[in-house]
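Chemist: Sharing run.txt below, compact mmCIF, C-alpha atoms and all ligand atoms:
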# COMPACT_ATOMS: atom_id res chain seq x y z
CA MET Z 150 307.54 -75.39 96.93
CA ASP Z 151 308.07 -77.62 93.96
CA SER Z 152 304.40 -77.67 93.28
CA LEU Z 153 304.37 -73.85 93.20
CA LEU Z 154 307.25 -73.79 90.73
CA GLN Z 155 305.44 -76.28 88.63
CA LEU Z 156 302.26 -74.23 88.83
CA LYS Z 157 304.19 -71.19 87.66
CA ALA Z 158 305.71 -73.12 84.77
CA GLU Z 159 302.29 -74.36 83.71
CA ALA Z 160 300.68 -70.93 83.99
CA THR Z 161 303.51 -69.37 81.96
CA LYS Z 162 303.15 -72.01 79.28
CA GLU Z 163 299.40 -71.52 79.07
CA VAL Z 164 299.64 -67.73 78.94
CA GLU Z 165 302.14 -67.99 76.13
CA ALA Z 166 299.90 -70.42 74.27
CA SER Z 167 296.91 -68.04 74.44
CA LYS Z 168 296.43 -66.67 70.93
CA ASP Z 169 293.60 -64.29 71.70
CA LEU Z 170 291.97 -62.38 74.54
CA ASP Z 171 289.28 -64.99 75.13
CA ALA Z 172 291.81 -67.76 75.58
CA LEU Z 173 293.83 -65.56 77.90
CA GLU Z 174 290.77 -64.82 80.01
CA GLN Z 175 290.18 -68.54 80.42
CA VAL Z 176 293.74 -68.94 81.68
CA ARG Z 177 293.23 -66.09 84.13
CA VAL Z 178 290.09 -67.69 85.52
CA ALA Z 179 291.82 -71.08 85.77
CA TYR Z 180 294.66 -69.68 87.92
CA LEU Z 181 293.45 -66.46 89.56
CA GLY Z 182 289.67 -66.89 89.60
CA LYS Z 183 287.72 -67.66 92.79
CA LYS Z 184 288.03 -71.35 92.12
CA GLY Z 185 291.35 -71.06 90.34
CA ALA Z 186 294.45 -73.10 91.17
CA ILE Z 187 296.18 -70.33 93.17
CA GLN Z 188 293.07 -69.42 95.11
CA GLU Z 189 292.60 -73.08 96.03
CA LYS Z 190 296.08 -73.15 97.49
CA MET Z 191 295.32 -69.98 99.49
CA LYS Z 192 292.48 -71.83 101.11
CA GLY Z 193 294.98 -74.44 102.39
CA LEU Z 194 296.96 -71.80 104.34
CA GLY Z 195 294.53 -71.98 107.30
CA GLN Z 196 295.57 -75.50 108.15
CA MET Z 197 299.31 -74.73 108.31
CA ASP Z 198 301.30 -73.86 111.38
CA PRO Z 199 302.27 -70.20 111.61
CA GLU Z 200 305.89 -70.53 110.45
CA GLU Z 201 305.03 -72.57 107.45
CA ARG Z 202 302.06 -70.40 106.65
CA LYS Z 203 304.25 -67.30 106.62
CA SER Z 204 306.80 -68.56 104.15
CA TYR Z 205 304.36 -70.52 102.00
CA GLY Z 206 301.94 -67.59 102.07
CA SER Z 207 304.53 -65.19 100.84
CA GLU Z 208 305.65 -67.61 98.08
CA LEU Z 209 302.06 -67.97 97.06
CA ASN Z 210 301.50 -64.23 96.96
CA GLN Z 211 304.59 -63.81 94.87
CA LEU Z 212 303.36 -66.44 92.49
CA LYS Z 213 299.98 -64.72 92.28
CA ASN Z 214 301.63 -61.39 91.46
CA GLN Z 215 303.87 -62.96 88.87
CA VAL Z 216 301.01 -64.71 87.12
CA THR Z 217 298.88 -61.52 87.25
CA GLU Z 218 301.72 -59.58 85.71
CA LEU Z 219 302.29 -62.19 83.02
CA ILE Z 220 298.63 -62.12 82.08
CA GLU Z 221 298.54 -58.28 82.00
CA LYS Z 222 301.58 -58.18 79.75
CA SER Z 223 300.17 -60.77 77.43
CA LYS Z 224 296.82 -58.94 77.38
CA LYS Z 225 298.46 -55.70 76.31
CA ALA Z 226 300.40 -57.50 73.59
CA LEU Z 227 297.25 -59.21 72.28
CA GLU Z 228 295.29 -55.93 72.30
CA LYS Z 229 298.01 -54.18 70.37
CA ALA Z 230 298.16 -56.99 67.84
CA ALA Z 231 294.38 -56.83 67.37
CA LEU Z 232 294.55 -53.06 66.80
CA ASP Z 233 297.46 -53.41 64.39
CA ALA Z 234 295.56 -56.02 62.42
CA ARG Z 235 292.52 -53.73 62.20
CA LEU Z 236 294.61 -50.77 61.14
CA ALA Z 237 296.27 -52.84 58.46
CA SER Z 238 293.03 -54.26 57.10
CA GLU Z 239 291.05 -51.01 57.22
CA SER Z 240 293.65 -48.70 55.82
CA LEU Z 241 292.70 -46.37 52.98
CA ASP Z 242 294.77 -46.03 49.89
CA VAL Z 243 294.42 -42.29 49.32
CA THR Z 244 296.36 -42.55 46.09
CA LEU Z 245 293.58 -44.58 44.38
CA PRO Z 246 291.74 -42.60 41.67
CA ALA Z 247 288.24 -41.48 42.68
CA ARG Z 248 285.37 -43.73 41.65
CA GLN Z 249 283.30 -42.18 38.90
CA LYS Z 250 279.94 -40.90 40.08
CA GLU Z 251 277.02 -41.79 37.82
CA GLU Z 252 274.75 -38.79 37.82
CA GLY Z 253 271.31 -38.75 36.27
CA SER Z 254 269.85 -35.81 34.42
CA VAL Z 255 266.40 -34.32 34.18
CA HIS Z 256 264.14 -35.31 31.29
CA PRO Z 257 263.27 -32.38 28.98
CA VAL Z 258 259.55 -32.84 29.78
CA SER Z 259 260.21 -32.51 33.52
CA GLN Z 260 262.53 -29.60 32.84
CA VAL Z 261 259.92 -27.71 30.82
CA ILE Z 262 257.19 -28.39 33.40
CA GLU Z 263 259.47 -26.89 36.05
CA GLU Z 264 260.26 -23.86 33.89
CA CYS Z 265 256.59 -23.20 33.05
CA THR Z 266 255.55 -23.64 36.66
CA GLU Z 267 258.14 -21.18 37.85
CA ILE Z 268 257.02 -18.52 35.35
CA LEU Z 269 253.30 -18.97 35.99
CA ALA Z 270 253.74 -19.17 39.76
CA ASN Z 271 255.33 -15.73 39.51
CA GLN Z 272 252.11 -14.56 37.87
CA GLY Z 273 250.21 -15.79 40.91
CA PHE Z 274 249.06 -19.22 39.70
CA GLU Z 275 248.92 -22.02 42.24
CA VAL Z 276 249.79 -25.62 41.23
CA VAL Z 277 247.04 -28.23 41.58
CA TYR Z 278 246.66 -31.83 40.43
CA GLY Z 279 243.90 -34.17 39.35
CA PRO Z 280 243.57 -37.89 38.54
CA GLN Z 281 244.71 -39.37 35.23
CA ILE Z 282 241.83 -41.87 35.23
CA GLU Z 283 238.74 -39.73 34.88
CA ASP Z 284 235.01 -40.18 34.71
CA ASP Z 285 232.99 -39.03 31.75
CA PHE Z 286 231.55 -36.07 33.66
CA HIS Z 287 234.86 -34.39 34.50
CA ASN Z 288 236.58 -35.12 31.20
CA PHE Z 289 233.61 -34.23 28.96
CA THR Z 290 230.11 -33.40 30.21
CA ALA Z 291 231.02 -30.72 32.75
CA LEU Z 292 233.22 -29.12 30.09
CA ASN Z 293 230.15 -28.56 27.95
CA ILE Z 294 230.80 -31.68 25.86
CA PRO Z 295 227.59 -33.68 26.36
CA PRO Z 296 227.28 -37.30 25.14
CA GLU Z 297 226.99 -37.49 21.35
CA HIS Z 298 228.74 -34.13 21.00
CA PRO Z 299 230.95 -34.33 17.88
CA ALA Z 300 233.90 -32.90 19.86
CA ARG Z 301 234.17 -36.25 21.61
CA GLN Z 302 235.34 -37.77 18.35
CA MET Z 303 238.22 -35.31 18.17
CA HIS Z 304 239.65 -36.71 21.36
CA ASP Z 305 240.48 -40.29 20.36
CA THR Z 306 239.73 -41.39 23.88
CA PHE Z 307 241.08 -44.46 25.64
CA TYR Z 308 238.08 -46.00 27.40
CA PHE Z 309 238.05 -48.50 30.25
CA PRO Z 310 235.53 -51.37 30.16
CA GLU Z 311 232.06 -50.48 31.48
CA ASP Z 312 231.57 -50.76 35.23
CA GLU Z 313 228.45 -52.29 36.87
CA LYS Z 314 226.56 -48.99 36.44
CA GLY Z 315 227.29 -49.07 32.70
CA GLU Z 316 229.77 -46.17 32.98
CA ARG Z 317 233.15 -46.10 31.34
CA SER Z 318 236.14 -44.37 32.92
CA VAL Z 319 238.61 -42.76 30.55
CA LEU Z 320 242.27 -41.87 30.54
CA ARG Z 321 241.91 -38.12 30.67
CA THR Z 322 242.26 -36.64 27.18
CA HIS Z 323 243.28 -33.24 28.51
CA THR Z 324 244.08 -31.54 31.79
CA SER Z 325 240.88 -29.47 31.49
CA SER Z 326 239.21 -32.04 33.76
CA VAL Z 327 241.30 -30.57 36.60
CA GLN Z 328 239.56 -27.20 36.07
CA ILE Z 329 236.26 -28.87 36.93
CA ARG Z 330 237.59 -30.75 39.95
CA TYR Z 331 239.21 -27.62 41.32
CA MET Z 332 236.14 -25.41 40.84
CA GLU Z 333 233.84 -28.04 42.38
CA ASN Z 334 235.91 -28.02 45.54
CA ASN Z 335 236.83 -24.35 45.88
CA LYS Z 336 235.16 -20.97 45.88
CA PRO Z 337 236.06 -18.34 43.26
CA PRO Z 338 238.24 -16.44 42.45
CA TYR Z 339 240.47 -19.11 40.86
CA ARG Z 340 244.03 -18.82 39.61
CA VAL Z 341 245.53 -22.29 39.18
CA ILE Z 342 247.70 -24.34 36.84
CA ALA Z 343 247.57 -28.12 36.56
CA PRO Z 344 250.51 -29.89 34.93
CA GLY Z 345 250.23 -33.57 34.09
CA ARG Z 346 249.95 -36.47 31.70
CA THR Z 347 247.18 -36.77 29.13
CA TYR Z 348 246.28 -39.60 26.75
CA ARG Z 349 244.91 -39.94 23.26
CA CYS Z 350 244.75 -42.97 21.03
CA ASP Z 351 247.03 -41.47 18.40
CA SER Z 352 250.61 -42.11 17.38
CA ASP Z 353 252.79 -40.64 14.62
CA ILE Z 354 255.73 -38.26 14.23
CA THR Z 355 253.88 -35.39 15.95
CA HIS Z 356 251.48 -37.37 18.19
CA SER Z 357 252.15 -39.68 21.10
CA PRO Z 358 249.45 -41.68 22.95
CA MET Z 359 250.72 -40.12 26.18
CA PHE Z 360 251.78 -36.51 26.33
CA HIS Z 361 251.84 -33.63 28.80
CA GLN Z 362 249.84 -30.47 29.26
CA ILE Z 363 249.69 -27.60 31.66
CA GLU Z 364 246.19 -26.36 32.22
CA GLY Z 365 245.65 -22.78 33.33
CA LEU Z 366 242.48 -21.27 34.81
CA TYR Z 367 241.95 -17.68 35.88
CA ILE Z 368 238.45 -16.70 37.01
CA ASP Z 369 237.55 -13.50 38.80
CA LYS Z 370 234.97 -10.72 38.50
CA ASN Z 371 236.37 -8.89 35.50
CA ILE Z 372 238.97 -11.00 33.74
CA THR Z 373 238.98 -10.41 29.99
CA MET Z 374 240.51 -11.67 26.76
CA ALA Z 375 243.10 -8.89 27.15
CA HIS Z 376 244.29 -10.53 30.38
CA LEU Z 377 244.46 -13.86 28.58
CA LYS Z 378 246.67 -12.44 25.83
CA GLY Z 379 248.83 -10.52 28.29
CA CYS Z 380 249.33 -13.57 30.47
CA LEU Z 381 250.29 -15.85 27.58
CA ILE Z 382 252.50 -13.38 25.70
CA ASN Z 383 254.35 -12.63 28.92
CA PHE Z 384 254.64 -16.37 29.50
CA VAL Z 385 256.23 -17.18 26.12
CA GLN Z 386 258.60 -14.20 26.36
CA GLN Z 387 259.89 -15.49 29.66
CA PHE Z 388 259.90 -19.10 28.58
CA PHE Z 389 261.94 -18.49 25.42
CA GLY Z 390 263.96 -15.73 27.07
CA VAL Z 391 263.43 -13.17 24.28
CA ASP Z 392 261.28 -10.05 24.09
CA GLU Z 393 260.16 -10.53 20.51
CA VAL Z 394 258.63 -13.97 20.31
CA PRO Z 395 256.56 -14.17 17.11
CA VAL Z 396 253.07 -15.17 18.27
CA ARG Z 397 249.72 -15.51 16.56
CA PHE Z 398 246.30 -16.02 18.13
CA ARG Z 399 244.19 -18.00 15.70
CA PRO Z 400 240.42 -18.31 16.17
CA SER Z 401 239.48 -21.85 17.10
CA PHE Z 402 236.76 -23.90 18.73
CA PHE Z 403 236.54 -25.64 22.09
CA PRO Z 404 233.15 -26.42 23.65
CA PHE Z 405 234.37 -25.16 27.03
CA THR Z 406 235.59 -21.73 25.89
CA GLU Z 407 233.94 -18.91 23.94
CA PRO Z 408 235.59 -17.25 22.16
CA SER Z 409 238.37 -19.78 21.66
CA ALA Z 410 241.81 -19.45 20.15
CA GLU Z 411 244.98 -21.34 19.53
CA MET Z 412 248.34 -19.74 20.03
CA ASP Z 413 251.05 -20.36 17.45
CA ILE Z 414 254.74 -19.57 17.67
CA GLY Z 415 256.62 -18.48 14.56
CA CYS Z 416 259.31 -21.02 13.89
CA SER Z 417 261.52 -22.58 11.28
CA ARG Z 418 261.85 -26.27 10.63
CA ALA Z 419 264.96 -26.05 8.49
CA GLN Z 420 267.10 -29.22 8.49
CA GLY Z 421 264.38 -30.97 10.41
CA ASP Z 422 264.95 -29.16 13.67
CA PHE Z 423 262.77 -26.55 15.20
CA LYS Z 424 263.70 -23.12 16.30
CA ILE Z 425 261.70 -20.02 17.03
CA GLY Z 426 261.56 -17.26 14.46
CA GLY Z 427 260.92 -18.02 10.80
CA ASP Z 428 257.99 -18.17 8.44
CA ASP Z 429 256.41 -21.34 9.72
CA TRP Z 430 253.99 -21.59 12.66
CA MET Z 431 253.63 -24.18 15.39
CA GLU Z 432 250.61 -24.46 17.64
CA ILE Z 433 251.55 -24.65 21.31
CA LEU Z 434 248.29 -24.17 23.18
CA GLY Z 435 244.54 -23.86 23.11
CA CYS Z 436 242.80 -21.12 25.10
CA GLY Z 437 239.72 -18.98 25.46
CA MET Z 438 237.20 -17.37 27.77
CA VAL Z 439 235.60 -20.01 29.97
CA HIS Z 440 232.12 -20.86 28.64
CA PRO Z 441 229.24 -19.78 30.95
CA ASN Z 442 227.89 -23.35 30.85
CA VAL Z 443 231.11 -24.64 32.40
CA LEU Z 444 230.80 -22.19 35.29
CA LYS Z 445 227.14 -23.16 35.75
CA ASN Z 446 228.10 -26.85 35.83
CA VAL Z 447 230.29 -26.23 38.89
CA GLY Z 448 227.85 -23.89 40.60
CA VAL Z 449 229.60 -20.61 39.79
CA ASP Z 450 227.40 -17.72 38.64
CA PRO Z 451 228.57 -16.65 35.15
CA ASP Z 452 226.95 -13.25 35.62
CA GLU Z 453 229.26 -12.60 38.52
CA TYR Z 454 232.44 -14.41 37.47
CA GLN Z 455 234.30 -14.78 34.22
CA GLY Z 456 237.79 -15.57 33.08
CA PHE Z 457 240.08 -17.55 30.85
CA ALA Z 458 241.59 -21.00 30.52
CA PHE Z 459 244.44 -22.41 28.50
CA GLY Z 460 246.03 -25.79 27.86
CA ILE Z 461 249.71 -25.79 26.90
CA GLY Z 462 251.37 -28.70 25.09
CA ILE Z 463 254.57 -29.36 27.01
CA GLU Z 464 256.36 -31.49 24.42
CA ARG Z 465 255.79 -28.84 21.77
CA LEU Z 466 257.32 -26.15 23.94
CA ALA Z 467 260.29 -28.41 24.62
CA MET Z 468 260.73 -29.14 20.90
CA LEU Z 469 260.77 -25.43 20.07
CA LYS Z 470 263.01 -24.32 22.89
CA TYR Z 471 265.54 -27.14 22.71
CA GLY Z 472 265.39 -27.89 18.99
CA ILE Z 473 264.01 -31.42 19.29
CA ALA Z 474 262.67 -32.43 15.90
CA ASP Z 475 260.99 -35.75 16.58
CA LEU Z 476 258.37 -36.15 19.29
CA ARG Z 477 258.99 -39.88 19.57
CA THR Z 478 262.50 -39.40 20.96
CA PHE Z 479 260.94 -38.15 24.21
CA TYR Z 480 259.74 -41.64 25.05
CA GLU Z 481 262.53 -43.85 23.77
CA ALA Z 482 264.38 -43.71 27.08
CA ASP Z 483 267.70 -43.48 25.24
CA ILE Z 484 270.30 -42.53 27.81
CA ARG Z 485 272.50 -40.86 25.14
CA TRP Z 486 269.60 -38.58 24.24
CA LEU Z 487 269.12 -37.61 27.89
CA GLU Z 488 272.84 -37.02 28.32
CA HIS Z 489 272.81 -34.75 25.30
CA TYR Z 490 270.34 -32.35 26.98
CA ASN Z 491 271.91 -32.98 30.38
CA PHE Z 492 269.55 -30.88 32.47
CA ALA Z 493 270.61 -30.59 36.09
CA PRO Z 494 267.83 -30.67 38.67
CA LEU Z 495 266.47 -27.22 39.48
CA ASP Z 496 266.76 -26.13 43.08
CA ILE Z 497 264.94 -28.64 45.25
CA PRO Z 498 262.25 -28.35 46.49
CA THR Z 499 260.63 -26.90 43.41
CA LEU Z 500 257.08 -25.67 43.02
CA THR Z 501 256.00 -28.91 41.37
CA GLY Z 502 257.75 -31.04 43.94
CA GLY Z 503 260.99 -31.54 42.04
CA LEU Z 504 261.73 -34.93 40.60
CA SER Z 505 259.17 -36.86 42.57
CA ARG Z 506 256.33 -36.46 40.09
N1 LIG G 1 241.82 -28.90 26.50
C1 LIG G 1 242.20 -28.35 25.24
C2 LIG G 1 242.97 -29.42 24.47
O1 LIG G 1 243.47 -30.32 25.03
C3 LIG G 1 243.05 -27.12 25.40
C4 LIG G 1 242.33 -26.00 26.06
C5 LIG G 1 242.39 -25.82 27.41
C6 LIG G 1 241.58 -25.10 25.30
C7 LIG G 1 241.74 -24.76 28.02
C8 LIG G 1 240.91 -24.06 25.89
C9 LIG G 1 241.01 -23.88 27.24
O2 LIG G 1 243.12 -29.38 23.29
Please express what this file holds, its structure, as C-alpha cells.
Ligand code: PHE

Modeler:
Amino acid sequence: MDSLLQLKAEATKEVEASKDLDALEQVRVAYLGKKGAIQEKMKGLGQMDPEERKSYGSELNQLKNQVTELIEKSKKALEKAALDARLASESLDVTLPARQKEEGSVHPVSQVIEECTEILANQGFEVVYGPQIEDDFHNFTALNIPPEHPARQMHDTFYFPEDEKGERSVLRTHTSSVQIRYMENNKPPYRVIAPGRTYRCDSDITHSPMFHQIEGLYIDKNITMAHLKGCLINFVQQFFGVDEVPVRFRPSFFPFTEPSAEMDIGCSRAQGDFKIGGDDWMEILGCGMVHPNVLKNVGVDPDEYQGFAFGIGIERLAMLKYGIADLRTFYEADIRWLEHYNFAPLDIPTLTGGLSR
C-alpha cells in the first residue's frame, strides 16, 4: 500500500514538473506504458492469493485511473498554453498603417511601342521579331545595299571582329533586316511589323547609339503608294489622338525602296520642348515602295507582288507625343524622370508580350 501511495506521489510530482508535451509523454510512458511502473506491478498480481489480489488489484486500478486523469489534465493545460503562446506571438496589429507599396512604371519607349503595336495590329499587321546581332546579308546586301555601296557609310555601323570565314557580324542598324528574315521564311502576302532595338555609332542630343524602331512591311498583289500614305496618316492620327495631324511626305532615298519618302510631323520646339502643330518639322519615319531587287533577293516575284515598307523612330514619336525635349534622358535611368511620366502597364498580355521584352 505504502509503495502505491509513494508511486502516486512520485507520478504527481513528475507530471507537475513536465513543462511541455514531450516531457509529459515521457512521464506517461514511465508509469502507464507497457513496461511502466504501474504495469510492472500489475504483472505481480498473478502471484498473490485471491483476497490480496482483489484489494491490491483494485488499489492499483484506482492508481492507474488517477495517474491517467492527472496526465490528461496536464496535457490539456499544456496544449492550451501552447495555443495561447502562438496566438499571442502571431497576433496582427490591425491598427498599424499600411506599408507603402513601391510600384514601377512603364518606360516611355515601351509605352510607345505598345501604343503603336495596338494601332497597327488593328490595321491587320502581325508582330514579328528578328535578332539584334545580324549578318551582313540581312542588314545590307539583301536590302539592295551591296558591299561598297555608299549607303553603308550612312549607317555608322557597329561591327564585330571578323570570324574564321572573314565575315563580320553587325549590330543591326535598322529593323529592315527583319523584313528579309520574315520574307525568307514565309510566303506572300505579308503584313507584319517588327519592333525592336537598333544600333548606330552616333551620339549627340538627337542621336543615341541604341534606339528603337518599328518596321512595317505590307506586300500583296496590288498595294500602292496610296495605301502607304493612307496607312501612315491613319496611324499618326490615332497615335496623336487628333484628326488634323500636320504631316509632310518628303522625297528621300533608301536603296531598298523606290520611290522613297520620309514622313515629317509639323511641330514646335518652343522653350525647348516638342509638341505637334507649329511651323517646324520633325522626321519620324522613312518609307517607300519595296524595291523589286529586295523581293528578288528573297525569292518573291516582283511582277506578281508589290507593296510598301516603313521604319518608324520610336523615341521621336515619344518626344513629340509626350513633350520630351532631350533624347538622352531616355537612357539615363533616372527614377524621377520615369515617375514623372508614370505610365501604368497596359492590359496584360499585350500584343508585344507586355513588359517582358
Ligand atoms: N531602315 C530605314 C532607316 O533606318 C527606314 C526605312 C524602313 C525606310 C523601311 C524605308 C522602308 O532609316

Chemist: Restricting the calculation to only C-alpha atoms and all ligand atoms: of Z:Cys350, Z:Thr478, Z:Asn446, Z:Val327, which residue gets closest to ligand LIG 1 (chain G)?

Modeler: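 Looking only at the distances to ligand LIG 1 (chain G), the closest residue turns out to be Z:Val327.
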
Chemist: At what distance in Å, to one decimal, does atom CA of Z:Val319 lie from atom CA of Z:Phe457?

Modeler: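 About the pair atom CA of Z:Phe457 and atom CA of Z:Val319: they are 25.3 Å apart.
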
Chemist: Atom CA of Z:Lys370 and atom CA of Z:Gln387 are how many Å apart?

Modeler: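 Calculated distance between atom CA of Z:Lys370 and atom CA of Z:Gln387 is 26.9 Å.
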
Chemist: Write out as JSON lines the residues of chain Z that have any atom within 8 Å of an atom of ligand LIG 1 (chain G), one row each with the nearest atom pair and its distance in Å to one decimal, counting only C-alpha atoms and all ligand atoms, sorted by chain and then rising number.

Modeler:
{"residue": "Z:Thr322", "atom": "CA", "partner": "G:LIG1", "partner_atom": "O1", "distance": 6.8}
{"residue": "Z:His323", "atom": "CA", "partner": "G:LIG1", "partner_atom": "O1", "distance": 4.5}
{"residue": "Z:Thr324", "atom": "CA", "partner": "G:LIG1", "partner_atom": "N1", "distance": 6.3}
{"residue": "Z:Ser325", "atom": "CA", "partner": "G:LIG1", "partner_atom": "N1", "distance": 5.1}
{"residue": "Z:Gln362", "atom": "CA", "partner": "G:LIG1", "partner_atom": "O1", "distance": 7.6}
{"residue": "Z:Glu364", "atom": "CA", "partner": "G:LIG1", "partner_atom": "C5", "distance": 6.2}
{"residue": "Z:Gly365", "atom": "CA", "partner": "G:LIG1", "partner_atom": "C7", "distance": 6.9}
{"residue": "Z:Leu366", "atom": "CA", "partner": "G:LIG1", "partner_atom": "C7", "distance": 7.7}
{"residue": "Z:Phe403", "atom": "CA", "partner": "G:LIG1", "partner_atom": "C6", "distance": 6.0}
{"residue": "Z:Phe405", "atom": "CA", "partner": "G:LIG1", "partner_atom": "C8", "distance": 6.7}
{"residue": "Z:Thr406", "atom": "CA", "partner": "G:LIG1", "partner_atom": "C8", "distance": 5.8}
{"residue": "Z:Ser409", "atom": "CA", "partner": "G:LIG1", "partner_atom": "C8", "distance": 6.5}
{"residue": "Z:Ala410", "atom": "CA", "partner": "G:LIG1", "partner_atom": "C8", "distance": 7.4}
{"residue": "Z:Glu411", "atom": "CA", "partner": "G:LIG1", "partner_atom": "C6", "distance": 7.7}
{"residue": "Z:Leu434", "atom": "CA", "partner": "G:LIG1", "partner_atom": "C3", "distance": 6.4}
{"residue": "Z:Gly435", "atom": "CA", "partner": "G:LIG1", "partner_atom": "C6", "distance": 3.9}
{"residue": "Z:Cys436", "atom": "CA", "partner": "G:LIG1", "partner_atom": "C8", "distance": 3.6}
{"residue": "Z:Gly437", "atom": "CA", "partner": "G:LIG1", "partner_atom": "C8", "distance": 5.2}
{"residue": "Z:Met438", "atom": "CA", "partner": "G:LIG1", "partner_atom": "C9", "distance": 7.6}
{"residue": "Z:Val439", "atom": "CA", "partner": "G:LIG1", "partner_atom": "C9", "distance": 7.2}
{"residue": "Z:Phe457", "atom": "CA", "partner": "G:LIG1", "partner_atom": "C9", "distance": 7.3}
{"residue": "Z:Ala458", "atom": "CA", "partner": "G:LIG1", "partner_atom": "C9", "distance": 4.4}
{"residue": "Z:Phe459", "atom": "CA", "partner": "G:LIG1", "partner_atom": "C7", "distance": 3.6}
{"residue": "Z:Gly460", "atom": "CA", "partner": "G:LIG1", "partner_atom": "C5", "distance": 3.7}
{"residue": "Z:Ile461", "atom": "CA", "partner": "G:LIG1", "partner_atom": "C3", "distance": 7.0}

Chemist: Can you tell me, as number ranges by chain, what residues are no more than 10 Å from Z:Ile187 when counting all atoms listed in the file, ignoring any on the same chain fewer than 3 positions away?

Modeler: Z: 153, 156-157, 179-184, 190-192, 209-210, 212-213, 216

Chemist: With C-alpha atoms retained, write the just-selected residues as a PDB file, keeping the file's coordinate frame.

Modeler:
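That gives us result.pdb:
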ATOM      1  CA  LEU Z 153     304.370 -73.850  93.200  1.00  0.00           C
ATOM      2  CA  LEU Z 156     302.260 -74.230  88.830  1.00  0.00           C
ATOM      3  CA  LYS Z 157     304.190 -71.190  87.660  1.00  0.00           C
ATOM      4  CA  ALA Z 179     291.820 -71.080  85.770  1.00  0.00           C
ATOM      5  CA  TYR Z 180     294.660 -69.680  87.920  1.00  0.00           C
ATOM      6  CA  LEU Z 181     293.450 -66.460  89.560  1.00  0.00           C
ATOM      7  CA  GLY Z 182     289.670 -66.890  89.600  1.00  0.00           C
ATOM      8  CA  LYS Z 183     287.720 -67.660  92.790  1.00  0.00           C
ATOM      9  CA  LYS Z 184     288.030 -71.350  92.120  1.00  0.00           C
ATOM     10  CA  LYS Z 190     296.080 -73.150  97.490  1.00  0.00           C
ATOM     11  CA  MET Z 191     295.320 -69.980  99.490  1.00  0.00           C
ATOM     12  CA  LYS Z 192     292.480 -71.830 101.110  1.00  0.00           C
ATOM     13  CA  LEU Z 209     302.060 -67.970  97.060  1.00  0.00           C
ATOM     14  CA  ASN Z 210     301.500 -64.230  96.960  1.00  0.00           C
ATOM     15  CA  LEU Z 212     303.360 -66.440  92.490  1.00  0.00           C
ATOM     16  CA  LYS Z 213     299.980 -64.720  92.280  1.00  0.00           C
ATOM     17  CA  VAL Z 216     301.010 -64.710  87.120  1.00  0.00           C
TER      18      VAL Z 216
END

Chemist: Go through Z:Glu267, Z:Glu228, Z:Asp351, Z:Glu189 and flag the residue nearest Z:Leu170, using all atoms listed in the file for the distances.

Modeler: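 Of Z:Glu267, Z:Glu228, Z:Asp351, Z:Glu189, the one nearest Z:Leu170 is Z:Glu228, counting all atoms listed in the file.
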
Chemist: What does the structure give for the distance between atom CA of Z:Arg317 and atom CA of Z:Glu297, in Å to one decimal?

Modeler: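 Going from atom CA of Z:Arg317 over to atom CA of Z:Glu297 covers 14.6 Å.
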
Chemist: Write out as a compact mmCIF listing (two decimals) with C-alpha atoms, in the coordinates of the input each polymer residue whose atoms come within 7 Å of Z:Gly427, counting all atoms listed in the file; drop sequence neighbours fewer than 6 positions from it.

Modeler:
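For reference, around.txt as written:
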# COMPACT_ATOMS: atom_id res chain seq x y z
CA GLY Z 415 256.62 -18.48 14.56
CA CYS Z 416 259.31 -21.02 13.89
CA SER Z 417 261.52 -22.58 11.28

Chemist: Give as a count of residues only each residue that has an atom at most 12 Å from (230.1, -35.1, 27.1) in the file, counting all atoms listed in the file.

Modeler: 26

Chemist: Nearest residue to Z:Glu275 out of Z:Ala343, Z:Glu208, Z:Ala226, Z:Asp305, using all atoms listed in the file?

Modeler: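 Selected residue with least distance to Z:Glu275: Z:Ala343.
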
Chemist: Counting all atoms listed in the file, figure out which residue out of Z:Val341, Z:Ile363, Z:Gly315, Z:Ser352 gets nearest to Z:Asn271.

Modeler: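 Going through Z:Val341, Z:Ile363, Z:Gly315, Z:Ser352 one by one, the smallest distance to Z:Asn271 is for Z:Val341.
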
Chemist: Considering all atoms listed in the file, return as a list of chain:residue names whatever protein or nucleic-acid residues lie within 8 Å of Z:Phe492, sequence-local ones (same chain, fewer than 5 positions apart) excluded.

Modeler: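 Near Z:Phe492, the qualifying residues are Z:Ser254, Z:Val255, Z:His256, Z:Pro257, Z:Gln260.
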
Chemist: Z:Ala493, Z:Ile425, Z:Leu476, Z:Ile372: which is nearest Z:Gln455, counting all atoms listed in the file?

Modeler: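 Of Z:Ala493, Z:Ile425, Z:Leu476, Z:Ile372, the one nearest Z:Gln455 is Z:Ile372, counting all atoms listed in the file.
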